[in-house]
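Have a look at start30.pdb below; it lists PDB, C-alpha atoms.
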```pdb
ATOM      1  CA  MET A  82      81.857  91.148 157.440
ATOM      2  CA  SER A  83      81.299  89.705 153.970
ATOM      3  CA  ASN A  84      81.555  85.997 153.418
ATOM      4  CA  PRO A  85      84.394  85.299 150.903
ATOM      5  CA  ALA A  86      82.599  82.162 149.729
ATOM      6  CA  SER A  87      79.658  84.235 148.523
ATOM      7  CA  GLN A  88      81.881  86.623 146.510
ATOM      8  CA  PRO A  89      82.065  85.893 142.761
ATOM      9  CA  GLY A  90      85.322  84.344 141.542
ATOM     10  CA  PRO A  91      87.389  85.722 138.645
ATOM     11  CA  ASP A  92      85.648  83.422 136.154
ATOM     12  CA  GLN A  93      82.188  84.592 137.208
ATOM     13  CA  GLU A  94      83.301  88.224 137.070
ATOM     14  CA  TRP A  95      84.757  87.680 133.627
ATOM     15  CA  GLU A  96      81.553  85.993 132.407
ATOM     16  CA  ALA A  97      79.512  88.865 133.849
ATOM     17  CA  LEU A  98      81.663  91.350 131.966
ATOM     18  CA  LEU A  99      81.195  89.415 128.727
ATOM     19  CA  GLN A 100      77.439  89.373 129.354
ATOM     20  CA  GLN A 101      77.574  93.128 129.790
ATOM     21  CA  LEU A 102      79.414  93.406 126.459
ATOM     22  CA  ARG A 103      76.804  91.237 124.756
ATOM     23  CA  LYS A 104      73.896  93.148 126.220
ATOM     24  CA  GLN A 105      75.045  96.603 125.229
ATOM     25  CA  PRO A 106      72.787  98.123 122.597
ATOM     26  CA  ARG A 107      74.051  97.571 119.076
ATOM     27  CA  ALA A 108      75.333 100.593 117.195
ATOM     28  CA  GLN A 109      72.878 101.696 114.511
ATOM     29  CA  PRO A 110      73.492 103.626 111.310
ATOM     30  CA  ARG A 111      71.831 107.036 111.024
ATOM     31  CA  PRO A 112      68.395 107.133 109.356
ATOM     32  CA  PHE A 113      68.169 107.090 105.540
ATOM     33  CA  PHE A 114      71.228 104.877 105.238
ATOM     34  CA  TYR A 115      69.927 103.346 101.984
ATOM     35  CA  THR A 116      69.608 106.818 100.413
ATOM     36  CA  ARG A 117      73.253 107.526 101.204
ATOM     37  CA  VAL A 118      74.348 104.166  99.764
ATOM     38  CA  GLN A 119      72.376 104.960  96.603
ATOM     39  CA  ALA A 120      74.024 108.385  96.330
ATOM     40  CA  ARG A 121      77.458 106.804  96.701
ATOM     41  CA  LEU A 122      76.658 104.217  94.051
ATOM     42  CA  ALA A 123      75.383 106.911  91.678
ATOM     43  CA  ALA A 124      78.558 108.950  92.215
ATOM     44  CA  GLN A 125      80.714 105.922  91.425
ATOM     45  CA  LEU A 126      78.708 104.951  88.368
ATOM     46  CA  GLN A 127      78.915 108.444  86.810
ATOM     47  CA  PRO A 128      81.098 108.442  83.693
ATOM     48  CA  ARG A 129      84.315 110.363  84.143
ATOM     49  CA  GLY A 130      84.160 113.776  82.452
ATOM     50  CA  SER A 131      87.683 113.825  81.144
ATOM     51  CA  TRP A 132      90.442 111.520  79.968
ATOM     52  CA  LEU A 133      92.897 113.419  82.175
ATOM     53  CA  PRO A 134      94.012 111.745  85.420
ATOM     54  CA  ASP A 135      92.709 113.312  88.663
ATOM     55  CA  TRP A 136      96.013 114.909  89.609
ATOM     56  CA  ALA A 137      96.255 116.708  86.267
ATOM     57  CA  ARG A 138      93.061 118.617  87.077
ATOM     58  CA  ARG A 139      94.609 120.358  90.077
ATOM     59  CA  PRO A 140      96.179 123.754  89.282
ATOM     60  CA  ALA A 141      99.027 123.284  91.761
ATOM     61  CA  TYR A 142     100.159 120.089  90.057
ATOM     62  CA  VAL A 143      99.819 121.640  86.579
ATOM     63  CA  ALA A 144     101.925 124.673  87.649
ATOM     64  CA  LEU A 145     104.538 122.386  89.209
ATOM     65  CA  LEU A 146     104.674 120.264  86.077
ATOM     66  CA  GLY A 147     105.082 123.405  83.929
ATOM     67  CA  MET A 148     107.963 124.655  86.068
ATOM     68  CA  LEU A 149     109.603 121.254  85.969
ATOM     69  CA  ILE A 150     109.424 121.148  82.158
ATOM     70  CA  VAL A 151     110.945 124.638  81.879
ATOM     71  CA  ALA A 152     113.716 123.752  84.339
ATOM     72  CA  VAL A 153     114.591 120.517  82.561
ATOM     73  CA  SER A 154     114.459 122.025  79.069
ATOM     74  CA  GLY A 155     117.213 124.568  79.984
ATOM     75  CA  ASP A 156     115.164 127.571  78.867
ATOM     76  CA  GLY A 157     115.371 129.165  82.272
ATOM     77  CA  ALA A 158     117.299 132.116  80.863
ATOM     78  CA  ALA A 159     114.368 132.999  78.649
ATOM     79  CA  LEU A 160     112.412 133.763  81.797
ATOM     80  CA  HIS A 161     114.986 136.423  82.871
ATOM     81  CA  PRO A 162     115.497 138.761  79.883
ATOM     82  CA  THR A 163     116.893 141.519  82.173
ATOM     83  CA  ALA A 164     119.706 139.268  83.276
ATOM     84  CA  ALA A 165     120.653 138.686  79.680
ATOM     85  CA  THR A 166     120.978 142.469  78.958
ATOM     86  CA  HIS A 167     123.350 142.895  81.905
ATOM     87  CA  TYR A 168     125.827 140.614  80.247
ATOM     88  CA  ALA A 169     125.774 142.444  76.919
ATOM     89  CA  PRO A 170     127.964 145.509  77.804
ATOM     90  CA  TYR A 171     130.522 143.336  79.538
ATOM     91  CA  GLN A 172     130.846 141.137  76.487
ATOM     92  CA  SER A 173     131.204 144.102  74.090
ATOM     93  CA  ASP A 174     133.854 145.786  76.320
ATOM     94  CA  GLN A 175     135.800 142.601  76.540
ATOM     95  CA  THR A 176     135.738 142.209  72.778
ATOM     96  CA  ALA A 177     136.885 145.789  72.319
ATOM     97  CA  SER A 178     139.864 145.328  74.634
ATOM     98  CA  LEU A 179     141.008 142.344  72.664
ATOM     99  CA  LEU A 180     141.053 144.229  69.360
ATOM    100  CA  PRO A 181     144.421 145.612  68.215
ATOM    101  CA  HIS A 182     144.650 149.426  68.660
TER     102      HIS A 182
ATOM    103  CA  MET B  45      86.927  86.427  91.644
ATOM    104  CA  ALA B  46      84.035  84.285  92.740
ATOM    105  CA  TYR B  47      83.179  84.293  96.412
ATOM    106  CA  SER B  48      82.939  80.639  97.176
ATOM    107  CA  LEU B  49      84.075  78.862 100.267
ATOM    108  CA  CYS B  50      85.197  75.324 100.977
ATOM    109  CA  LEU B  51      84.721  75.528 104.704
ATOM    110  CA  PRO B  52      83.253  73.597 107.564
ATOM    111  CA  PHE B  53      80.348  76.037 107.458
ATOM    112  CA  SER B  54      77.875  75.116 104.783
ATOM    113  CA  VAL B  55      74.224  75.587 104.175
ATOM    114  CA  GLU B  56      73.651  71.998 105.382
ATOM    115  CA  SER B  57      75.198  72.769 108.784
ATOM    116  CA  VAL B  58      72.872  75.703 109.442
ATOM    117  CA  PRO B  59      70.358  75.064 112.222
ATOM    118  CA  ALA B  60      66.807  74.381 111.043
ATOM    119  CA  ALA B  61      65.610  77.706 112.461
ATOM    120  CA  ASN B  62      67.989  79.551 110.134
ATOM    121  CA  LEU B  63      67.126  77.566 107.015
ATOM    122  CA  GLY B  64      64.275  79.943 106.199
ATOM    123  CA  ALA B  65      66.638  82.917 106.399
ATOM    124  CA  VAL B  66      69.206  81.148 104.203
ATOM    125  CA  ALA B  67      66.544  80.370 101.590
ATOM    126  CA  ALA B  68      65.313  83.980 101.694
ATOM    127  CA  ASP B  69      68.877  85.228 101.215
ATOM    128  CA  ALA B  70      69.424  82.885  98.270
ATOM    129  CA  GLU B  71      66.241  84.229  96.671
ATOM    130  CA  LEU B  72      67.416  87.796  97.343
ATOM    131  CA  VAL B  73      70.793  87.125  95.722
ATOM    132  CA  ALA B  74      69.099  85.600  92.675
ATOM    133  CA  GLN B  75      66.962  88.739  92.288
ATOM    134  CA  LEU B  76      69.988  90.977  92.791
ATOM    135  CA  GLN B  77      71.892  89.120  90.115
ATOM    136  CA  GLN B  78      69.015  89.908  87.762
ATOM    137  CA  GLY B  79      69.530  93.598  88.565
ATOM    138  CA  SER B  80      66.557  94.184  90.876
ATOM    139  CA  GLU B  81      66.761  97.547  92.686
ATOM    140  CA  ALA B  82      64.069  96.446  95.136
ATOM    141  CA  ALA B  83      66.160  93.402  96.075
ATOM    142  CA  PHE B  84      69.149  95.657  96.722
ATOM    143  CA  ARG B  85      67.048  97.864  98.968
ATOM    144  CA  THR B  86      65.806  94.796 100.880
ATOM    145  CA  LEU B  87      69.367  93.524 101.278
ATOM    146  CA  VAL B  88      70.614  96.873 102.613
ATOM    147  CA  GLU B  89      67.712  97.158 105.036
ATOM    148  CA  ARG B  90      68.130  93.563 106.220
ATOM    149  CA  TYR B  91      71.865  93.754 106.826
ATOM    150  CA  GLN B  92      72.723  97.419 107.430
ATOM    151  CA  GLN B  93      72.558  97.070 111.202
ATOM    152  CA  ARG B  94      74.811  93.981 111.320
ATOM    153  CA  VAL B  95      77.347  95.393 108.869
ATOM    154  CA  TYR B  96      77.397  98.789 110.570
ATOM    155  CA  SER B  97      77.688  97.437 114.114
ATOM    156  CA  THR B  98      80.492  95.045 113.091
ATOM    157  CA  ALA B  99      82.428  97.942 111.565
ATOM    158  CA  PHE B 100      81.668 100.081 114.607
ATOM    159  CA  SER B 101      82.907  97.356 116.974
ATOM    160  CA  LEU B 102      86.218  97.234 115.129
ATOM    161  CA  LEU B 103      86.686 100.965 114.610
ATOM    162  CA  ARG B 104      84.794 102.613 117.512
ATOM    163  CA  SER B 105      84.044 105.557 115.234
ATOM    164  CA  ALA B 106      80.570 106.343 113.933
ATOM    165  CA  GLU B 107      81.891 108.178 110.875
ATOM    166  CA  GLU B 108      84.263 105.432 109.849
ATOM    167  CA  ALA B 109      81.693 102.708 110.502
ATOM    168  CA  GLU B 110      79.247 104.555 108.231
ATOM    169  CA  ASP B 111      81.893 104.826 105.540
ATOM    170  CA  VAL B 112      82.780 101.129 105.778
ATOM    171  CA  ALA B 113      79.120 100.058 105.738
ATOM    172  CA  GLN B 114      78.461 102.134 102.622
ATOM    173  CA  GLU B 115      81.560 100.702 100.914
ATOM    174  CA  VAL B 116      80.430  97.169 101.719
ATOM    175  CA  PHE B 117      77.013  97.612 100.104
ATOM    176  CA  VAL B 118      78.475  99.383  97.073
ATOM    177  CA  GLU B 119      80.873  96.451  96.634
ATOM    178  CA  VAL B 120      78.007  93.987  96.998
ATOM    179  CA  TYR B 121      76.051  95.801  94.288
ATOM    180  CA  GLN B 122      79.032  95.864  91.954
ATOM    181  CA  THR B 123      80.204  92.277  92.459
ATOM    182  CA  VAL B 124      77.058  90.323  93.242
ATOM    183  CA  ALA B 125      77.157  88.779  89.766
ATOM    184  CA  LYS B 126      80.266  86.845  90.838
ATOM    185  CA  PHE B 127      78.760  85.662  94.116
ATOM    186  CA  ARG B 128      78.048  81.942  94.321
ATOM    187  CA  SER B 129      75.184  80.896  96.526
ATOM    188  CA  GLU B 130      76.891  77.995  98.322
ATOM    189  CA  THR B 131      78.307  80.666 100.628
ATOM    190  CA  ALA B 132      75.957  82.239 103.138
ATOM    191  CA  LEU B 133      75.216  85.840 102.212
ATOM    192  CA  SER B 134      75.787  86.926 105.822
ATOM    193  CA  THR B 135      79.247  85.305 105.776
ATOM    194  CA  TRP B 136      80.162  87.275 102.671
ATOM    195  CA  LEU B 137      78.896  90.524 104.214
ATOM    196  CA  TYR B 138      80.711  89.961 107.518
ATOM    197  CA  ARG B 139      83.875  89.166 105.599
ATOM    198  CA  LEU B 140      83.613  92.360 103.544
ATOM    199  CA  ALA B 141      82.813  94.427 106.647
ATOM    200  CA  THR B 142      85.743  93.100 108.683
ATOM    201  CA  SER B 143      88.301  93.365 105.878
ATOM    202  CA  ARG B 144      87.151  96.901 104.955
ATOM    203  CA  ALA B 145      87.234  97.956 108.603
ATOM    204  CA  LEU B 146      90.804  96.717 108.955
ATOM    205  CA  GLN B 147      91.775  98.544 105.746
ATOM    206  CA  HIS B 148      90.302 101.736 107.192
ATOM    207  CA  ARG B 149      92.179 101.283 110.421
ATOM    208  CA  ARG B 150      95.474 100.748 108.603
ATOM    209  CA  ARG B 151      94.888 103.865 106.489
ATOM    210  CA  ALA B 152      93.921 105.907 109.540
ATOM    211  CA  SER B 153      97.047 104.916 111.463
ATOM    212  CA  ALA B 154      99.245 105.659 108.420
ATOM    213  CA  LYS B 155      97.605 109.116 108.171
ATOM    214  CA  LYS B 156      98.158 109.691 111.865
ATOM    215  CA  ARG B 157     101.835 108.755 111.569
ATOM    216  CA  PHE B 158     102.238 111.067 108.562
ATOM    217  CA  ALA B 159     100.492 113.930 110.388
ATOM    218  CA  TYR B 160     102.771 113.426 113.381
ATOM    219  CA  PHE B 161     105.848 113.388 111.138
ATOM    220  CA  THR B 162     104.864 116.590 109.292
ATOM    221  CA  SER B 163     104.084 118.276 112.605
ATOM    222  CA  LEU B 164     107.581 117.414 113.819
ATOM    223  CA  LEU B 165     109.068 118.989 110.690
ATOM    224  CA  GLY B 166     106.856 122.043 111.173
ATOM    225  CA  PHE B 167     105.168 121.763 107.753
ATOM    226  CA  GLN B 168     101.884 122.799 109.283
ATOM    227  CA  ASN B 169     101.244 124.939 112.309
ATOM    228  CA  GLN B 170      98.346 122.869 113.523
ATOM    229  CA  VAL B 171      97.889 121.309 116.895
ATOM    230  CA  LEU B 172      97.557 117.557 116.624
ATOM    231  CA  HIS B 173      94.296 116.464 118.108
ATOM    232  CA  GLU B 174      93.578 112.967 119.246
ATOM    233  CA  PRO B 175      90.580 111.519 117.380
ATOM    234  CA  PRO B 176      87.345 111.906 119.357
ATOM    235  CA  ASP B 177      86.634 109.047 121.688
ATOM    236  CA  HIS B 178      83.438 107.421 120.478
ATOM    237  CA  ALA B 179      83.151 105.103 123.410
ATOM    238  CA  HIS B 180      79.821 103.447 123.694
ATOM    239  CA  PRO B 181      77.467 105.768 125.638
ATOM    240  CA  LEU B 182      76.798 103.019 128.147
ATOM    241  CA  ALA B 183      80.501 102.694 128.833
ATOM    242  CA  LEU B 184      80.575 106.295 129.981
ATOM    243  CA  LEU B 185      77.971 105.763 132.674
ATOM    244  CA  GLU B 186      78.921 105.184 136.263
ATOM    245  CA  GLY B 187      79.817 101.578 136.964
ATOM    246  CA  GLU B 188      80.715 100.875 133.347
ATOM    247  CA  GLN B 189      84.421 101.563 133.630
ATOM    248  CA  GLN B 190      85.287  97.872 133.331
ATOM    249  CA  LEU B 191      83.395  97.619 130.062
ATOM    250  CA  HIS B 192      85.117 100.740 128.811
ATOM    251  CA  LEU B 193      88.478  99.258 129.772
ATOM    252  CA  LEU B 194      87.601  95.973 128.077
ATOM    253  CA  LEU B 195      86.611  97.777 124.858
ATOM    254  CA  SER B 196      89.855  99.711 124.816
ATOM    255  CA  HIS B 197      91.879  96.491 125.243
ATOM    256  CA  ILE B 198      89.849  94.709 122.543
ATOM    257  CA  SER B 199      90.875  97.450 120.108
ATOM    258  CA  ARG B 200      94.547  96.677 120.855
ATOM    259  CA  LEU B 201      94.313  92.952 120.113
ATOM    260  CA  PRO B 202      95.933  91.589 116.928
ATOM    261  CA  SER B 203      93.478  91.917 114.000
ATOM    262  CA  GLN B 204      92.445  88.270 113.685
ATOM    263  CA  GLN B 205      91.901  87.909 117.441
ATOM    264  CA  GLN B 206      89.937  91.148 117.517
ATOM    265  CA  ILE B 207      87.659  90.047 114.671
ATOM    266  CA  ALA B 208      87.084  86.626 116.234
ATOM    267  CA  PHE B 209      86.358  88.131 119.653
ATOM    268  CA  THR B 210      84.048  90.813 118.282
ATOM    269  CA  LEU B 211      82.098  88.396 116.095
ATOM    270  CA  ARG B 212      81.732  85.962 119.000
ATOM    271  CA  HIS B 213      80.939  88.284 121.874
ATOM    272  CA  GLU B 214      79.285  91.265 120.194
ATOM    273  CA  GLN B 215      77.691  89.809 117.057
ATOM    274  CA  GLU B 216      77.101  86.438 118.760
ATOM    275  CA  LEU B 217      78.157  84.349 115.776
ATOM    276  CA  SER B 218      78.849  80.646 116.187
ATOM    277  CA  TYR B 219      82.389  79.253 115.918
ATOM    278  CA  GLU B 220      81.494  77.806 112.502
ATOM    279  CA  GLU B 221      80.255  81.141 111.241
ATOM    280  CA  ILE B 222      83.392  82.918 112.495
ATOM    281  CA  ALA B 223      85.542  80.269 110.817
ATOM    282  CA  ALA B 224      83.706  80.915 107.555
ATOM    283  CA  VAL B 225      84.169  84.692 107.839
ATOM    284  CA  LEU B 226      87.883  84.353 108.621
ATOM    285  CA  ASP B 227      88.312  81.588 106.052
ATOM    286  CA  THR B 228      89.847  79.262 108.605
ATOM    287  CA  THR B 229      88.996  76.207 110.706
ATOM    288  CA  VAL B 230      86.915  75.991 113.868
ATOM    289  CA  SER B 231      89.958  74.934 115.893
ATOM    290  CA  ALA B 232      91.862  77.987 114.657
ATOM    291  CA  VAL B 233      88.949  80.149 115.823
ATOM    292  CA  GLU B 234      89.010  78.431 119.212
ATOM    293  CA  SER B 235      92.715  79.174 119.472
ATOM    294  CA  LEU B 236      92.231  82.831 118.460
ATOM    295  CA  LEU B 237      89.478  83.260 121.046
ATOM    296  CA  PHE B 238      91.513  81.530 123.754
ATOM    297  CA  ARG B 239      94.478  83.832 123.168
ATOM    298  CA  ALA B 240      92.253  86.919 122.982
ATOM    299  CA  ARG B 241      90.551  86.088 126.301
ATOM    300  CA  GLN B 242      93.879  85.365 127.947
ATOM    301  CA  THR B 243      95.361  88.698 126.819
ATOM    302  CA  LEU B 244      92.267  90.634 127.844
ATOM    303  CA  ARG B 245      92.078  89.054 131.296
ATOM    304  CA  GLN B 246      95.751  89.837 131.872
ATOM    305  CA  HIS B 247      95.143  93.500 131.136
ATOM    306  CA  LEU B 248      92.032  93.827 133.255
ATOM    307  CA  PRO B 249      92.130  94.379 137.033
ATOM    308  CA  PRO B 250      93.348  91.426 139.152
ATOM    309  CA  SER B 251      89.803  90.320 140.040
ATOM    310  CA  TYR B 252      89.361  89.039 136.420
ATOM    311  CA  ARG B 253      92.581  87.034 136.314
ATOM    312  CA  HIS B 254      92.902  83.317 136.906
ATOM    313  CA  VAL B 255      94.015  82.483 140.432
TER     314      VAL B 255
END
```
I need this file expressed as structure tokens, please.
Amino acid sequence: MSNPASQPGPDQEWEALLQQLRKQPRAQPRPFFYTRVQARLAAQLQPRGSWLPDWARRPAYVALLGMLIVAVSGDGAALHPTAATHYAPYQSDQTASLLPH
Amino acid sequence: MAYSLCLPFSVESVPAANLGAVAADAELVAQLQQGSEAAFRTLVERYQQRVYSTAFSLLRSAEEAEDVAQEVFVEVYQTVAKFRSETALSTWLYRLATSRALQHRRRASAKKRFAYFTSLLGFQNQVLHEPPDHAHPLALLEGEQQLHLLLSHISRLPSQQQIAFTLRHEQELSYEEIAAVLDTTVSAVESLLFRARQTLRQHLPPSYRHV
């Protein structure tokens, strides 16, 4: 039977756990860390190629912006010329029916 | 913004054994401010391990710790002209590493929340994976479960308590040095550490709790 007096108390167990934490090997960066820092610095120091903001260089954003401009400008009908020709006969018939016989 | 501190930690309070290191750092900073590439290389090689392991302790991710460590040294290179030598160089680096690591963590949790939200709305048919568990290899060995448990509870502490605890028990910084990094007083550090230990002991198995 174990002697309870010889068992470590909560404080000793806690201290032992902290010791274990302290003694674990420190995490190390992968080799050639300096080379990667240099590459990152060089990438940041490169002059920007264009005056355009980053988002404007993505085709999806440019297409979306184009569609938005067309929608807001009210020229949507210009994109559907076939729809416009469908209205033409109706309008001419209507005009004809209004004329005195 | 100049990085100067009016704190209890000063060059005068550094133990005699560290005075040589402080003088060497001051010399290094002077060379860096003159644009010396060799000085920058020396600085990176001297501090990369400390900066990386601090970031790793706070993030528990090798990739993110690498990213933070790189960001820290890039920032040092770009802002060293504004650095004033009455602050210890190591204090400045620890401060950059801890604040960058917290920024990363905030961004990562925001991304995770957004990914969860979009998955609920069905915007993407991807299965949400939990980030890989980069627990310390030692913690995965038999008999290291308590350490693993401790590490997981450290990561759930409030930021300031987590930084104070990590700097004290993993980086083995003095209370004065931690106070300088956190820009606070020694008694505030003592209080942070007291609360951190109390929380951790409550969450560990009963054998660690006060009787």
Distance of atom CA of B:Thr142 from atom CA of B:Glu108, expressed in Å to one decimal place
12.5 Å
Could you give me, as a PyMOL selection string, the residues within 10 Å of B:Thr135, counting only C-alpha atoms and dropping anything in the same chain fewer than 5 positions from it?
chain B and resi 49+53+140-141+221-227
Output C-alpha atoms of each residue in that selection to a file, as a PDB file, in the coordinates of the input.
```
ATOM      1  CA  LEU B  49      84.075  78.862 100.267  1.00  0.00           C
ATOM      2  CA  PHE B  53      80.348  76.037 107.458  1.00  0.00           C
ATOM      3  CA  LEU B 140      83.613  92.360 103.544  1.00  0.00           C
ATOM      4  CA  ALA B 141      82.813  94.427 106.647  1.00  0.00           C
ATOM      5  CA  GLU B 221      80.255  81.141 111.241  1.00  0.00           C
ATOM      6  CA  ILE B 222      83.392  82.918 112.495  1.00  0.00           C
ATOM      7  CA  ALA B 223      85.542  80.269 110.817  1.00  0.00           C
ATOM      8  CA  ALA B 224      83.706  80.915 107.555  1.00  0.00           C
ATOM      9  CA  VAL B 225      84.169  84.692 107.839  1.00  0.00           C
ATOM     10  CA  LEU B 226      87.883  84.353 108.621  1.00  0.00           C
ATOM     11  CA  ASP B 227      88.312  81.588 106.052  1.00  0.00           C
TER      12      ASP B 227
END
```
Using all atoms listed in the file, I'd like every residue of chain A that has an atom within 7 Å of chain B; please write them out as a ChimeraX atom specification.
/A:91-92,94-95,98-99,102-103,107-110,115,118,122
Take atom CA of B:Gln78 and atom CA of A:Ala120 and report the distance between them in Å, one decimal.
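Here the two named atoms are 21.0 Å from each other.
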Figure out the distance between atom CA of B:Ser129 and atom CA of B:Ala70, please, to one decimal in Å.
6.3 Å
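Distances from B:Trp136, B:His148, B:Leu102, B:Ala125 to B:Gln205 were compared using all atoms listed in the file, and the smallest one belongs to B:Leu102.
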For B:Ser203, which of B:Gln246, B:Gln147, B:Gln189, B:Ser105 is the closest residue, counting only C-alpha atoms?
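Answer, going by the shortest atom-to-atom distance: B:Gln147.
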Residues within 10 Å of B:Ser231, please, as a list in words. Count all atoms listed in the file; anything in the same chain fewer than 5 positions from it doesn't count.
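In the requested form, the answer reads Tyr219, Glu220, Ala223, Leu236 and Leu237 of chain B.
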Store the residues picked out above in a file with C-alpha atoms, as a CSV table (one decimal), keeping the file's coordinate frame.
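Once everything was written out, this is part_5.csv:
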```
chain,number,residue,atom,x,y,z
B,219,TYR,CA,82.4,79.3,115.9
B,220,GLU,CA,81.5,77.8,112.5
B,223,ALA,CA,85.5,80.3,110.8
B,236,LEU,CA,92.2,82.8,118.5
B,237,LEU,CA,89.5,83.3,121.0
```
